[in-house]
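Here is the structure we will look at, set down as structure tokens.
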Amino acid sequence: DAYYFNPSGGTPAMTVPFDIDGDRDVVIGDLNNRDGSVGFSGALAHTGVTRIQRGALRIGSSDNAPTASNIVFDSLDSERSAVVESTESALELTIGTGVGTVSWNRAGGFASSQGGAGTVVTLNGGTTIDWGSAANGFNGQPLQLGSATANAPVELTNNIDLGSAAQRDIQVADNSNSGSDIATISGVISSSGTVNHILHINRVDEDPFREGLLELTGNKTFDNSLRFDAGSVFAVDGVGLPTNANLQFSSGDDGQESVLLSNGTFSRNVGNGAGEVFWEGDGGGFAARGGDLTVTLNGGATIVYDDAAGFNGSAFQLGSRHADGVATLTNSLDYGDDDPTIRTFDNPGSENDRFVLDGDIINADGVRFRGGGYVIVNGDLDN
């Protein structure tokens with residue numbers, strides 16, 4: 001037996017006012033409910049598990065945490081948001097299976113509805129997380145950050161060891177009604193993998209994992225490839241994006257933002273080797289955040305659109321919904337008599353976000369700029 005709580009379209013933020021006890025599980029969400037949140041103003045004294053399958057369990061001063069239960073992240077199909085959503089500035093939890101701990105059966109993680117500066121999450125007292133460990137990590141399951149009801153930043157502070165698994169997944173959810181729900185991993189991310197191992201961002205192209213922003217701050221040392229399908233990642237090259245990591249754009253739709261936001265300079269060769277950048281999906285590109293960004297590919301050589309050492313036939317994406325600075329591409333672009341689509345994105349909350357194409361656009365049988373972004377073409381357009 002279990003108590004089931006499913007937020008509805010009419011009540012996306014549910015509050016349960018009565019006490020719950022007995023040897024029963026409490027289950028949040030199912031496939032048919034929306035990605036809402038559930039909080040308990042009554043006591044949560046049940047001794048069964050507290051299982052989050054879809055949506056968020058709110059915890060804070062007005063929303064009680066379980067007192068005799070283990071919280072289990074158990075995202076349905078590992079494709080639904082299933083998080084603890086804190087309303088406080090700090091959330092400290094221990095990984096385990098005992099009372100007052102959290103564990104991963106399938107995907108799950110953390111979000112903030114603190115409404116201000118956000119929530120800083122610390123696990124196991126700040127020790128390094130072994131991703132593959134059930135006792136001291138995520139049990140090999142995807143880590144989720146953010147939610148459809150989050151309204152503030154969430155930051156995970158622990159160092160994380162990816163280990164040597166072929167793939168690790170981070171799923172970043174977005175609340176389309178909030179511009180503040182940014183996810184950050186500030187600790188060191190290390191690995192014993194190679195460029196053939198992947199740290200995959202938003203491989204699941206389902207709502208709400210489409211337009212979220214993950215910030216990788218602080219020094220990261222993993223050697224894995226960093227691939228993202230949907231949403232955007234902020235990382236400074238050589239800091240949050242390790243020098244040896246291969247950056248891979250893998251959007252499944254040229255209209256789906258798959259953008260690296262950064263500042264300073266980004267200078268890499270195009271390819272799928274260590275320290276390079278590669279297009280393998282339908283689109284990907286760059287935008288500036290936290291300062292202006294200058295991008296130079298292949299040492300400044302002309303980029304051939306459909307070449308593997310170019311955009312590999314993918315749509316070049318300019319700008320981002322999270323950009324706040326000027327990004328400049330110094331290369332010229334050769335479209336080989338094709339009629340390319342250049343996809344642009346705009347941050348409606350910023351007047352400073354724009355993209356500059358400094359080089360020429362050559363051999364283009366017409367160029368279509370699609371989207372709401374502000375683009376300046378300084379070079380010549382040669383049809």
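By order in the structure tokens, chains are A, B, ...; within a chain, residues start at 1; ligands start at 1, following the order shown.
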
For region 229-241 of chain A: contacts at 6 Å, only C-alpha atoms, fewer than 6 positions along chain excluded, given as an MDAnalysis selection string: chainID A and resid 202:203 210:220 250:251 257:262

Per-residue DSSP, region 45-150 of chain A, filtered to strand (DSSP E or B), as a ChimeraX atom specification: /A:50-52,55-59,71-73,82-86,90-95,101-104,108-112,119-123,129-130,143-145

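Counting from CA of Arg51 (chain A), the distance to CA of Met14 (chain A) is 16.2 Å.
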
Shell of 12 Å around Glu92 (chain A), only C-alpha atoms, local chain residues under 5 positions omitted, as a list of chain:residue names: A:Ile59, A:Gly60, A:Val84, A:Ser86, A:Gly100, A:Thr101, A:Val102, A:Phe110, A:Thr119, A:Val120, A:Val121, A:Thr122, A:Leu123, A:Asn124, A:Gly125, A:Gly126, A:Thr127, A:Glu155, A:Leu156, A:Thr157, A:Asn158

How would the residues just chosen look if you wrote them out with N, CA, C and O atoms as a tab-separated table (two decimals), in the first residue's frame?
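Once everything was written out, this is out_1.tsv:
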```
chain	number	residue	atom	x	y	z
A	59	ILE	N	10.79	20.77	0.03
A	59	ILE	CA	11.28	20.68	1.41
A	59	ILE	C	11.74	22.06	1.85
A	59	ILE	O	12.46	22.75	1.11
A	60	GLY	N	11.31	22.48	3.04
A	60	GLY	CA	11.74	23.77	3.56
A	60	GLY	C	11.02	24.09	4.85
A	60	GLY	O	10.40	23.21	5.48
A	84	VAL	N	14.13	16.67	-5.47
A	84	VAL	CA	13.85	17.39	-4.23
A	84	VAL	C	14.02	18.87	-4.53
A	84	VAL	O	15.07	19.29	-5.00
A	86	SER	N	14.08	22.49	-2.93
A	86	SER	CA	14.24	23.17	-1.64
A	86	SER	C	13.72	24.60	-1.71
A	86	SER	O	13.92	25.30	-2.71
A	100	GLY	N	16.20	9.50	6.72
A	100	GLY	CA	16.74	10.83	6.50
A	100	GLY	C	17.77	10.92	5.39
A	100	GLY	O	18.40	11.96	5.23
A	101	THR	N	17.94	9.87	4.61
A	101	THR	CA	18.92	9.87	3.52
A	101	THR	C	18.22	9.91	2.17
A	101	THR	O	17.00	9.81	2.07
A	102	VAL	N	19.02	10.04	1.10
A	102	VAL	CA	18.50	9.99	-0.27
A	102	VAL	C	19.26	8.93	-1.04
A	102	VAL	O	20.44	8.66	-0.77
A	110	PHE	N	18.00	17.65	-7.82
A	110	PHE	CA	17.69	18.78	-6.95
A	110	PHE	C	17.29	20.02	-7.75
A	110	PHE	O	17.74	20.23	-8.88
A	119	THR	N	19.44	27.87	-3.91
A	119	THR	CA	19.78	26.83	-2.95
A	119	THR	C	21.14	26.23	-3.27
A	119	THR	O	21.40	25.84	-4.41
A	120	VAL	N	21.99	26.14	-2.25
A	120	VAL	CA	23.28	25.47	-2.37
A	120	VAL	C	23.12	24.07	-1.79
A	120	VAL	O	22.74	23.90	-0.62
A	121	VAL	N	23.39	23.05	-2.61
A	121	VAL	CA	23.22	21.66	-2.21
A	121	VAL	C	24.57	21.05	-1.88
A	121	VAL	O	25.51	21.13	-2.69
A	122	THR	N	24.68	20.42	-0.71
A	122	THR	CA	25.90	19.72	-0.31
A	122	THR	C	25.51	18.32	0.13
A	122	THR	O	24.64	18.14	0.98
A	123	LEU	N	26.15	17.33	-0.45
A	123	LEU	CA	25.87	15.93	-0.14
A	123	LEU	C	27.02	15.33	0.67
A	123	LEU	O	28.19	15.66	0.44
A	124	ASN	N	26.67	14.45	1.59
A	124	ASN	CA	27.68	13.71	2.37
A	124	ASN	C	28.72	14.61	3.02
A	124	ASN	O	29.91	14.28	3.08
A	125	GLY	N	28.28	15.76	3.48
A	125	GLY	CA	29.19	16.67	4.16
A	125	GLY	C	30.23	17.31	3.28
A	125	GLY	O	31.20	17.90	3.77
A	126	GLY	N	30.06	17.20	1.97
A	126	GLY	CA	30.98	17.83	1.03
A	126	GLY	C	32.05	16.91	0.48
A	126	GLY	O	32.95	17.38	-0.24
A	127	THR	N	32.00	15.62	0.78
A	127	THR	CA	33.01	14.68	0.25
A	127	THR	C	32.79	14.44	-1.24
A	127	THR	O	31.73	14.73	-1.79
A	155	GLU	N	22.73	25.03	-6.92
A	155	GLU	CA	24.16	24.78	-7.08
A	155	GLU	C	24.55	23.53	-6.31
A	155	GLU	O	24.31	23.43	-5.11
A	156	LEU	N	25.16	22.58	-7.00
A	156	LEU	CA	25.73	21.39	-6.36
A	156	LEU	C	27.22	21.63	-6.17
A	156	LEU	O	27.94	21.88	-7.14
A	157	THR	N	27.67	21.57	-4.90
A	157	THR	CA	29.04	21.98	-4.57
A	157	THR	C	30.05	20.84	-4.54
A	157	THR	O	31.25	21.09	-4.57
A	158	ASN	N	29.60	19.60	-4.43
A	158	ASN	CA	30.53	18.48	-4.27
A	158	ASN	C	31.44	18.30	-5.48
A	158	ASN	O	31.04	18.55	-6.63
```

Can you tell me, as a PDB file with N, CA, C and O atoms, in the first residue's frame, what residues are no more than 7 Å from Asp223 (chain A) when counting only C-alpha atoms, ignoring any on the same chain fewer than 2 positions away?
```pdb
ATOM      1  N   SER A 191      37.547  12.305 -13.919  1.00  0.00           N
ATOM      2  CA  SER A 191      37.204  11.008 -14.494  1.00  0.00           C
ATOM      3  C   SER A 191      38.465  10.197 -14.715  1.00  0.00           C
ATOM      4  O   SER A 191      39.579  10.718 -14.694  1.00  0.00           O
ATOM      5  N   GLY A 193      38.195   8.354 -17.522  1.00  0.00           N
ATOM      6  CA  GLY A 193      37.796   7.991 -18.869  1.00  0.00           C
ATOM      7  C   GLY A 193      38.683   8.640 -19.916  1.00  0.00           C
ATOM      8  O   GLY A 193      39.727   9.218 -19.624  1.00  0.00           O
ATOM      9  N   THR A 194      38.240   8.552 -21.176  1.00  0.00           N
ATOM     10  CA  THR A 194      38.959   9.128 -22.308  1.00  0.00           C
ATOM     11  C   THR A 194      37.962   9.907 -23.152  1.00  0.00           C
ATOM     12  O   THR A 194      36.781  10.031 -22.815  1.00  0.00           O
ATOM     13  N   VAL A 195      38.435  10.407 -24.299  1.00  0.00           N
ATOM     14  CA  VAL A 195      37.559  11.145 -25.192  1.00  0.00           C
ATOM     15  C   VAL A 195      36.440  10.259 -25.724  1.00  0.00           C
ATOM     16  O   VAL A 195      35.408  10.749 -26.208  1.00  0.00           O
ATOM     17  N   THR A 221      38.323  18.666 -14.656  1.00  0.00           N
ATOM     18  CA  THR A 221      39.507  17.945 -15.142  1.00  0.00           C
ATOM     19  C   THR A 221      39.160  16.688 -15.933  1.00  0.00           C
ATOM     20  O   THR A 221      40.055  15.947 -16.322  1.00  0.00           O
ATOM     21  N   SER A 225      34.308  13.315 -23.482  1.00  0.00           N
ATOM     22  CA  SER A 225      33.672  14.273 -24.369  1.00  0.00           C
ATOM     23  C   SER A 225      32.473  14.880 -23.645  1.00  0.00           C
ATOM     24  O   SER A 225      31.773  14.198 -22.895  1.00  0.00           O
ATOM     25  N   ASN A 244      41.373  19.125 -22.511  1.00  0.00           N
ATOM     26  CA  ASN A 244      41.442  17.861 -23.255  1.00  0.00           C
ATOM     27  C   ASN A 244      40.081  17.309 -23.652  1.00  0.00           C
ATOM     28  O   ASN A 244      39.997  16.341 -24.410  1.00  0.00           O
ATOM     29  N   ALA A 245      39.000  17.891 -23.138  1.00  0.00           N
ATOM     30  CA  ALA A 245      37.671  17.365 -23.445  1.00  0.00           C
ATOM     31  C   ALA A 245      37.270  17.737 -24.867  1.00  0.00           C
ATOM     32  O   ALA A 245      37.544  18.832 -25.343  1.00  0.00           O
TER      33      ALA A 245
END
```

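Between Trp131 (chain A) and the candidates A:Ala82, A:Leu91, A:Leu199, A:Ala308, the tightest atom-to-atom separation, counting only C-alpha atoms, involves A:Leu199.
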
Residue among A:Ile362, A:Val83, A:Ala117, A:Val72 lying closest to Gly96 (chain A), counting only C-alpha atoms: A:Val72
